[in-house]
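The file structure-v9.pdb contains PDB, C-alpha atoms:
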```
ATOM      1  CA  MET A   1       5.604  -5.916   2.731  1.00  0.00           C
ATOM      2  CA  GLY A   2       2.206  -7.264   3.651  1.00  0.00           C
ATOM      3  CA  ARG A   3       3.018 -10.608   2.070  1.00  0.00           C
ATOM      4  CA  MET A   4       6.305 -10.797   3.984  1.00  0.00           C
ATOM      5  CA  LEU A   5       4.649  -9.917   7.282  1.00  0.00           C
ATOM      6  CA  ARG A   6       1.866 -12.463   6.773  1.00  0.00           C
ATOM      7  CA  GLY A   7       4.132 -15.224   5.464  1.00  0.00           C
ATOM      8  CA  ALA A   8       6.847 -15.108   8.115  1.00  0.00           C
ATOM      9  CA  PRO A   9       7.061 -17.867  10.737  1.00  0.00           C
ATOM     10  CA  PRO A  10       4.983 -17.312  13.915  1.00  0.00           C
ATOM     11  CA  GLY A  11       6.116 -14.640  16.340  1.00  0.00           C
ATOM     12  CA  PRO A  12       7.337 -11.064  16.089  1.00  0.00           C
ATOM     13  CA  VAL A  13       8.680  -9.957  12.735  1.00  0.00           C
ATOM     14  CA  CYS A  14      10.313  -6.817  11.389  1.00  0.00           C
ATOM     15  CA  VAL A  15      10.738  -5.755   7.775  1.00  0.00           C
ATOM     16  CA  ILE A  16      13.668  -3.419   7.260  1.00  0.00           C
ATOM     17  CA  GLY A  17      14.453  -1.186   4.312  1.00  0.00           C
ATOM     18  CA  ALA A  18      17.574  -1.966   2.316  1.00  0.00           C
ATOM     19  CA  ASP A  19      18.415   1.730   1.928  1.00  0.00           C
ATOM     20  CA  ILE A  20      19.348   2.633   5.522  1.00  0.00           C
ATOM     21  CA  PRO A  21      23.110   3.303   5.758  1.00  0.00           C
ATOM     22  CA  GLY A  22      23.033   4.185   9.464  1.00  0.00           C
ATOM     23  CA  ILE A  23      21.288   1.062  10.750  1.00  0.00           C
ATOM     24  CA  THR A  24      22.948  -0.954  13.512  1.00  0.00           C
ATOM     25  CA  ALA A  25      22.190  -4.184  15.327  1.00  0.00           C
ATOM     26  CA  ALA A  26      21.109  -2.066  18.311  1.00  0.00           C
ATOM     27  CA  HIS A  27      18.405  -0.391  16.201  1.00  0.00           C
ATOM     28  CA  ILE A  28      16.982  -3.782  15.268  1.00  0.00           C
ATOM     29  CA  ALA A  29      17.187  -5.043  18.858  1.00  0.00           C
ATOM     30  CA  ASN A  30      15.333  -1.932  20.049  1.00  0.00           C
ATOM     31  CA  ALA A  31      12.544  -2.614  17.562  1.00  0.00           C
ATOM     32  CA  PHE A  32      12.093  -6.197  18.731  1.00  0.00           C
ATOM     33  CA  ASN A  33      12.212  -5.036  22.367  1.00  0.00           C
ATOM     34  CA  ALA A  34       9.441  -2.529  21.604  1.00  0.00           C
ATOM     35  CA  LEU A  35       7.265  -5.385  20.352  1.00  0.00           C
ATOM     36  CA  ARG A  36       7.229  -6.914  23.834  1.00  0.00           C
ATOM     37  CA  ALA A  37       4.740  -4.265  25.001  1.00  0.00           C
ATOM     38  CA  ASN A  38       3.289  -3.120  21.664  1.00  0.00           C
ATOM     39  CA  ASP A  39       1.452  -4.621  18.700  1.00  0.00           C
ATOM     40  CA  ALA A  40       3.488  -2.732  16.102  1.00  0.00           C
ATOM     41  CA  VAL A  41       6.692  -0.745  15.859  1.00  0.00           C
ATOM     42  CA  PHE A  42       7.935   1.735  13.274  1.00  0.00           C
ATOM     43  CA  GLY A  43      11.338   3.173  12.598  1.00  0.00           C
ATOM     44  CA  PRO A  44      10.474   6.600  11.178  1.00  0.00           C
ATOM     45  CA  ALA A  45      12.539   8.172   8.418  1.00  0.00           C
ATOM     46  CA  HIS A  46      13.270  11.901   8.132  1.00  0.00           C
ATOM     47  CA  ASP A  47      11.161  12.189   4.983  1.00  0.00           C
ATOM     48  CA  GLY A  48       7.877  11.027   6.579  1.00  0.00           C
ATOM     49  CA  GLY A  49       8.263   7.395   5.604  1.00  0.00           C
ATOM     50  CA  TYR A  50       9.776   4.618   7.653  1.00  0.00           C
ATOM     51  CA  TRP A  51      12.780   2.350   7.536  1.00  0.00           C
ATOM     52  CA  LEU A  52      11.255  -0.459   9.618  1.00  0.00           C
ATOM     53  CA  ILE A  53       7.851  -1.905  10.383  1.00  0.00           C
ATOM     54  CA  GLY A  54       7.449  -4.646  12.928  1.00  0.00           C
ATOM     55  CA  LEU A  55       4.419  -6.562  14.111  1.00  0.00           C
ATOM     56  CA  LYS A  56       4.050  -8.658  17.239  1.00  0.00           C
ATOM     57  CA  ARG A  57       1.541 -10.870  15.417  1.00  0.00           C
ATOM     58  CA  SER A  58      -0.247 -11.947  18.591  1.00  0.00           C
ATOM     59  CA  ARG A  59      -3.451 -10.972  16.790  1.00  0.00           C
ATOM     60  CA  PRO A  60      -4.442 -11.174  13.118  1.00  0.00           C
ATOM     61  CA  ILE A  61      -2.780  -8.712  10.768  1.00  0.00           C
ATOM     62  CA  PRO A  62      -5.432  -6.221   9.645  1.00  0.00           C
ATOM     63  CA  PRO A  63      -6.588  -7.055   6.113  1.00  0.00           C
ATOM     64  CA  ARG A  64      -6.403  -3.352   5.192  1.00  0.00           C
ATOM     65  CA  LEU A  65      -2.820  -2.938   6.376  1.00  0.00           C
ATOM     66  CA  PHE A  66      -1.177  -0.570   3.860  1.00  0.00           C
ATOM     67  CA  ALA A  67      -4.537   0.379   2.266  1.00  0.00           C
ATOM     68  CA  ASN A  68      -4.522   3.939   0.903  1.00  0.00           C
ATOM     69  CA  VAL A  69      -0.929   4.597   1.955  1.00  0.00           C
ATOM     70  CA  ARG A  70       0.548   7.468  -0.029  1.00  0.00           C
ATOM     71  CA  TRP A  71       3.908   5.840  -0.685  1.00  0.00           C
ATOM     72  CA  SER A  72       7.004   7.943  -1.319  1.00  0.00           C
ATOM     73  CA  THR A  73       5.439  10.967   0.371  1.00  0.00           C
ATOM     74  CA  GLU A  74       5.733  12.619   3.767  1.00  0.00           C
ATOM     75  CA  HIS A  75       2.427  10.891   4.653  1.00  0.00           C
ATOM     76  CA  ALA A  76       3.543   7.251   4.354  1.00  0.00           C
ATOM     77  CA  LEU A  77       4.164   6.678   8.069  1.00  0.00           C
ATOM     78  CA  ALA A  78       0.970   8.412   9.229  1.00  0.00           C
ATOM     79  CA  ASP A  79      -1.084   6.642   6.558  1.00  0.00           C
ATOM     80  CA  THR A  80       0.272   3.243   7.576  1.00  0.00           C
ATOM     81  CA  ILE A  81      -0.322   3.895  11.274  1.00  0.00           C
ATOM     82  CA  ALA A  82      -3.919   4.809  10.380  1.00  0.00           C
ATOM     83  CA  THR A  83      -4.403   1.255   9.028  1.00  0.00           C
ATOM     84  CA  LEU A  84      -3.544  -0.147  12.465  1.00  0.00           C
ATOM     85  CA  GLN A  85      -6.484   1.194  14.448  1.00  0.00           C
ATOM     86  CA  ASN A  86      -6.771  -0.156  18.007  1.00  0.00           C
ATOM     87  CA  HIS A  87      -3.159  -1.332  17.996  1.00  0.00           C
ATOM     88  CA  ARG A  88      -0.498  -0.289  20.499  1.00  0.00           C
ATOM     89  CA  ILE A  89       2.205   1.335  18.375  1.00  0.00           C
ATOM     90  CA  ALA A  90       5.771   2.257  19.309  1.00  0.00           C
ATOM     91  CA  GLN A  91       8.385   4.178  17.387  1.00  0.00           C
ATOM     92  CA  VAL A  92      12.129   3.673  17.577  1.00  0.00           C
ATOM     93  CA  ALA A  93      14.995   5.857  16.371  1.00  0.00           C
ATOM     94  CA  MET A  94      14.506   8.071  13.350  1.00  0.00           C
ATOM     95  CA  LEU A  95      17.031   7.237  10.622  1.00  0.00           C
ATOM     96  CA  LYS A  96      17.753   8.549   7.147  1.00  0.00           C
ATOM     97  CA  ASP A  97      16.929   6.472   4.119  1.00  0.00           C
ATOM     98  CA  VAL A  98      18.442   6.821   0.669  1.00  0.00           C
ATOM     99  CA  ASP A  99      15.985   7.959  -1.975  1.00  0.00           C
ATOM    100  CA  THR A 100      18.346   9.994  -4.150  1.00  0.00           C
ATOM    101  CA  ILE A 101      22.092  10.404  -4.640  1.00  0.00           C
ATOM    102  CA  ASP A 102      21.942  13.468  -2.392  1.00  0.00           C
ATOM    103  CA  ASP A 103      20.769  11.231   0.472  1.00  0.00           C
ATOM    104  CA  LEU A 104      23.985   9.203   0.420  1.00  0.00           C
ATOM    105  CA  PRO A 105      26.568  10.046   3.062  1.00  0.00           C
ATOM    106  CA  MET A 106      29.419  12.008   1.505  1.00  0.00           C
ATOM    107  CA  THR A 107      31.901   9.215   2.303  1.00  0.00           C
ATOM    108  CA  ASN A 108      29.937   6.710   0.191  1.00  0.00           C
ATOM    109  CA  ARG A 109      29.393   8.840  -2.899  1.00  0.00           C
ATOM    110  CA  GLY A 110      32.712   7.902  -4.486  1.00  0.00           C
ATOM    111  CA  ALA A 111      31.896   4.187  -4.225  1.00  0.00           C
ATOM    112  CA  ARG A 112      29.304   4.187  -7.026  1.00  0.00           C
ATOM    113  CA  ALA A 113      29.807   1.440  -9.551  1.00  0.00           C
ATOM    114  CA  THR A 114      30.288   2.310 -13.188  1.00  0.00           C
ATOM    115  CA  CYS A 115      29.655   0.044 -16.144  1.00  0.00           C
TER     116      CYS A 115
END
```
If you took the structure in this file and wrote it as structure tokens, what would it be?
Amino acid sequence: MGRMLRGAPPGPVCVIGADIPGITAAHIANAFNALRANDAVFGPAHDGGYWLIGLKRSRPIPPRLFANVRWSTEHALADTIATLQNHRIAQVAMLKDVDTIDDLPMTNRGARATC
């Protein structure tokens, strides 16, 4: 994620998880709108992680961004926010991510591919 955030063209950027079945264009628009008045934005997930991180990039990205983040735990969001000291941070809608088969909406469970 850090490499993507640092390597993107100038201006605001958001990195979005690929495992968010409920995401809409409005969610993404809200995140970019939040970056107008904030340095960073997060889309929290129900499990303590996040489905989106966005940075305004009007100032250098902290070199320790993502340092000591306890990934795949209920602490991931709080740990990441802690690496952004002295940044204005917004949060947008909380969405569910898909970490296990039980996280899939019931309507999508029958669509699993078999080999």
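Across the structure, atom CA of A:Ala93 and atom CA of A:Pro9 are spaced 25.6 Å apart.
With only C-alpha atoms as the basis for measurement, A:Gly11 is the residue among A:Gly11, A:Pro105, A:Gly2, A:Gly22 that approaches A:Lys56 most closely.
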Return as JSON lines the residues of stretch 59-106 of chain A lying at most 10 Å from stretch 30-51 of chain A, together with the closest atom-to-atom pair for each and the distance in Å to one decimal, counting all atoms listed in the file, with rows in chain order and ascending residue number.
```
{"residue": "A:Arg59", "atom": "CA", "partner": "A:Asp39", "partner_atom": "CA", "distance": 8.2}
{"residue": "A:Ile61", "atom": "CA", "partner": "A:Asp39", "partner_atom": "CA", "distance": 9.9}
{"residue": "A:Arg70", "atom": "CA", "partner": "A:Gly49", "partner_atom": "CA", "distance": 9.6}
{"residue": "A:Trp71", "atom": "CA", "partner": "A:Gly49", "partner_atom": "CA", "distance": 7.8}
{"residue": "A:Ser72", "atom": "CA", "partner": "A:Gly49", "partner_atom": "CA", "distance": 7.1}
{"residue": "A:Thr73", "atom": "CA", "partner": "A:Gly48", "partner_atom": "CA", "distance": 6.7}
{"residue": "A:Glu74", "atom": "CA", "partner": "A:Gly48", "partner_atom": "CA", "distance": 3.9}
{"residue": "A:His75", "atom": "CA", "partner": "A:Gly48", "partner_atom": "CA", "distance": 5.8}
{"residue": "A:Ala76", "atom": "CA", "partner": "A:Gly49", "partner_atom": "CA", "distance": 4.9}
{"residue": "A:Leu77", "atom": "CA", "partner": "A:Gly49", "partner_atom": "CA", "distance": 4.8}
{"residue": "A:Ala78", "atom": "CA", "partner": "A:Gly48", "partner_atom": "CA", "distance": 7.8}
{"residue": "A:Asp79", "atom": "CA", "partner": "A:Gly49", "partner_atom": "CA", "distance": 9.4}
{"residue": "A:Thr80", "atom": "CA", "partner": "A:Gly49", "partner_atom": "CA", "distance": 9.2}
{"residue": "A:Ile81", "atom": "CA", "partner": "A:Phe42", "partner_atom": "CA", "distance": 8.8}
{"residue": "A:Leu84", "atom": "CA", "partner": "A:Ala40", "partner_atom": "CA", "distance": 8.3}
{"residue": "A:Asn86", "atom": "CA", "partner": "A:Asp39", "partner_atom": "CA", "distance": 9.4}
{"residue": "A:His87", "atom": "CA", "partner": "A:Asp39", "partner_atom": "CA", "distance": 5.7}
{"residue": "A:Arg88", "atom": "CA", "partner": "A:Asn38", "partner_atom": "CA", "distance": 4.9}
{"residue": "A:Ile89", "atom": "CA", "partner": "A:Ala40", "partner_atom": "CA", "distance": 4.8}
{"residue": "A:Ala90", "atom": "CA", "partner": "A:Val41", "partner_atom": "CA", "distance": 4.7}
{"residue": "A:Gln91", "atom": "CA", "partner": "A:Phe42", "partner_atom": "CA", "distance": 4.8}
{"residue": "A:Val92", "atom": "CA", "partner": "A:Gly43", "partner_atom": "CA", "distance": 5.1}
{"residue": "A:Ala93", "atom": "CA", "partner": "A:Gly43", "partner_atom": "CA", "distance": 5.9}
{"residue": "A:Met94", "atom": "CA", "partner": "A:Pro44", "partner_atom": "CA", "distance": 4.8}
{"residue": "A:Leu95", "atom": "CA", "partner": "A:Ala45", "partner_atom": "CA", "distance": 5.1}
{"residue": "A:Lys96", "atom": "CA", "partner": "A:Ala45", "partner_atom": "CA", "distance": 5.4}
{"residue": "A:Asp97", "atom": "CA", "partner": "A:Ala45", "partner_atom": "CA", "distance": 6.4}
{"residue": "A:Val98", "atom": "CA", "partner": "A:Ala45", "partner_atom": "CA", "distance": 9.8}
{"residue": "A:Asp99", "atom": "CA", "partner": "A:Asp47", "partner_atom": "CA", "distance": 9.5}
```
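Between atom CA of A:Leu104 and atom CA of A:His27 the separation is 19.3 Å.
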Problem set entry | Residue contacts of A:Arg6 (10 Å, all atoms listed in the file) excluding same-chain residues fewer than 2 positions away, as number ranges by chain | A: 1-4, 8-10, 13, 55, 57, 60-61
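If you look at atom CA of A:Pro62 and atom CA of A:Cys14, they are 15.9 Å away from each other.
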Seminar exercise, completed: Residue with the minimum atom-to-atom distance to A:Thr100, picked from A:Ile53, A:Gln85, A:Ala29, A:Asp19 with only C-alpha atoms counted, is A:Asp19
As lines of an AutoDock Vina configuration file, please report the centre and edge lengths, rounded to one decimal in Å, of the axis-aligned box that holds all listed atoms of stretch 57-66 of chain A with 5 Å of padding on each of the six sides.
```
center_x = -2.5
center_y = -6.3
center_z = 11.2
size_x = 18.1
size_y = 21.4
size_z = 24.7
```
Mind filling out stretch 79-96 of chain A with N, CA and C atoms and sending it as a PDB file, in the frame of the given file?
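As a result, part.pdb now contains:
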```
ATOM      1  N   ASP A  79      -0.068   7.432   7.259  1.00  0.00           N
ATOM      2  CA  ASP A  79      -1.084   6.642   6.558  1.00  0.00           C
ATOM      3  C   ASP A  79      -1.040   5.180   7.003  1.00  0.00           C
ATOM      4  N   THR A  80       0.152   4.638   7.157  1.00  0.00           N
ATOM      5  CA  THR A  80       0.272   3.243   7.576  1.00  0.00           C
ATOM      6  C   THR A  80      -0.218   3.069   9.006  1.00  0.00           C
ATOM      7  N   ILE A  81       0.157   3.971   9.882  1.00  0.00           N
ATOM      8  CA  ILE A  81      -0.322   3.895  11.274  1.00  0.00           C
ATOM      9  C   ILE A  81      -1.847   3.937  11.303  1.00  0.00           C
ATOM     10  N   ALA A  82      -2.452   4.714  10.417  1.00  0.00           N
ATOM     11  CA  ALA A  82      -3.919   4.809  10.380  1.00  0.00           C
ATOM     12  C   ALA A  82      -4.572   3.473  10.025  1.00  0.00           C
ATOM     13  N   THR A  83      -3.837   2.565   9.364  1.00  0.00           N
ATOM     14  CA  THR A  83      -4.403   1.255   9.028  1.00  0.00           C
ATOM     15  C   THR A  83      -4.322   0.290  10.203  1.00  0.00           C
ATOM     16  N   LEU A  84      -3.710   0.707  11.280  1.00  0.00           N
ATOM     17  CA  LEU A  84      -3.544  -0.147  12.465  1.00  0.00           C
ATOM     18  C   LEU A  84      -4.366   0.384  13.640  1.00  0.00           C
ATOM     19  N   GLN A  85      -5.615   0.688  13.390  1.00  0.00           N
ATOM     20  CA  GLN A  85      -6.484   1.194  14.448  1.00  0.00           C
ATOM     21  C   GLN A  85      -6.576   0.168  15.571  1.00  0.00           C
ATOM     22  N   ASN A  86      -6.660   0.669  16.799  1.00  0.00           N
ATOM     23  CA  ASN A  86      -6.771  -0.156  18.007  1.00  0.00           C
ATOM     24  C   ASN A  86      -5.557  -1.044  18.243  1.00  0.00           C
ATOM     25  N   HIS A  87      -4.417  -0.642  17.750  1.00  0.00           N
ATOM     26  CA  HIS A  87      -3.159  -1.332  17.996  1.00  0.00           C
ATOM     27  C   HIS A  87      -2.255  -0.432  18.835  1.00  0.00           C
ATOM     28  N   ARG A  88      -1.524  -1.033  19.748  1.00  0.00           N
ATOM     29  CA  ARG A  88      -0.498  -0.289  20.499  1.00  0.00           C
ATOM     30  C   ARG A  88       0.721  -0.168  19.584  1.00  0.00           C
ATOM     31  N   ILE A  89       1.142   1.080  19.349  1.00  0.00           N
ATOM     32  CA  ILE A  89       2.205   1.335  18.375  1.00  0.00           C
ATOM     33  C   ILE A  89       3.350   2.083  19.048  1.00  0.00           C
ATOM     34  N   ALA A  90       4.560   1.601  18.816  1.00  0.00           N
ATOM     35  CA  ALA A  90       5.771   2.257  19.309  1.00  0.00           C
ATOM     36  C   ALA A  90       6.573   2.759  18.115  1.00  0.00           C
ATOM     37  N   GLN A  91       7.434   3.719  18.391  1.00  0.00           N
ATOM     38  CA  GLN A  91       8.385   4.178  17.387  1.00  0.00           C
ATOM     39  C   GLN A  91       9.779   4.112  17.988  1.00  0.00           C
ATOM     40  N   VAL A  92      10.730   3.713  17.159  1.00  0.00           N
ATOM     41  CA  VAL A  92      12.129   3.673  17.577  1.00  0.00           C
ATOM     42  C   VAL A  92      12.872   4.802  16.877  1.00  0.00           C
ATOM     43  N   ALA A  93      14.167   4.754  16.884  1.00  0.00           N
ATOM     44  CA  ALA A  93      14.995   5.857  16.371  1.00  0.00           C
ATOM     45  C   ALA A  93      14.652   6.259  14.946  1.00  0.00           C
ATOM     46  N   MET A  94      14.686   7.547  14.701  1.00  0.00           N
ATOM     47  CA  MET A  94      14.506   8.071  13.350  1.00  0.00           C
ATOM     48  C   MET A  94      15.850   7.976  12.616  1.00  0.00           C
ATOM     49  N   LEU A  95      15.825   7.386  11.432  1.00  0.00           N
ATOM     50  CA  LEU A  95      17.031   7.237  10.622  1.00  0.00           C
ATOM     51  C   LEU A  95      16.778   7.795   9.228  1.00  0.00           C
ATOM     52  N   LYS A  96      17.860   8.071   8.530  1.00  0.00           N
ATOM     53  CA  LYS A  96      17.753   8.549   7.147  1.00  0.00           C
ATOM     54  C   LYS A  96      17.744   7.357   6.208  1.00  0.00           C
TER      55      LYS A  96
END
```
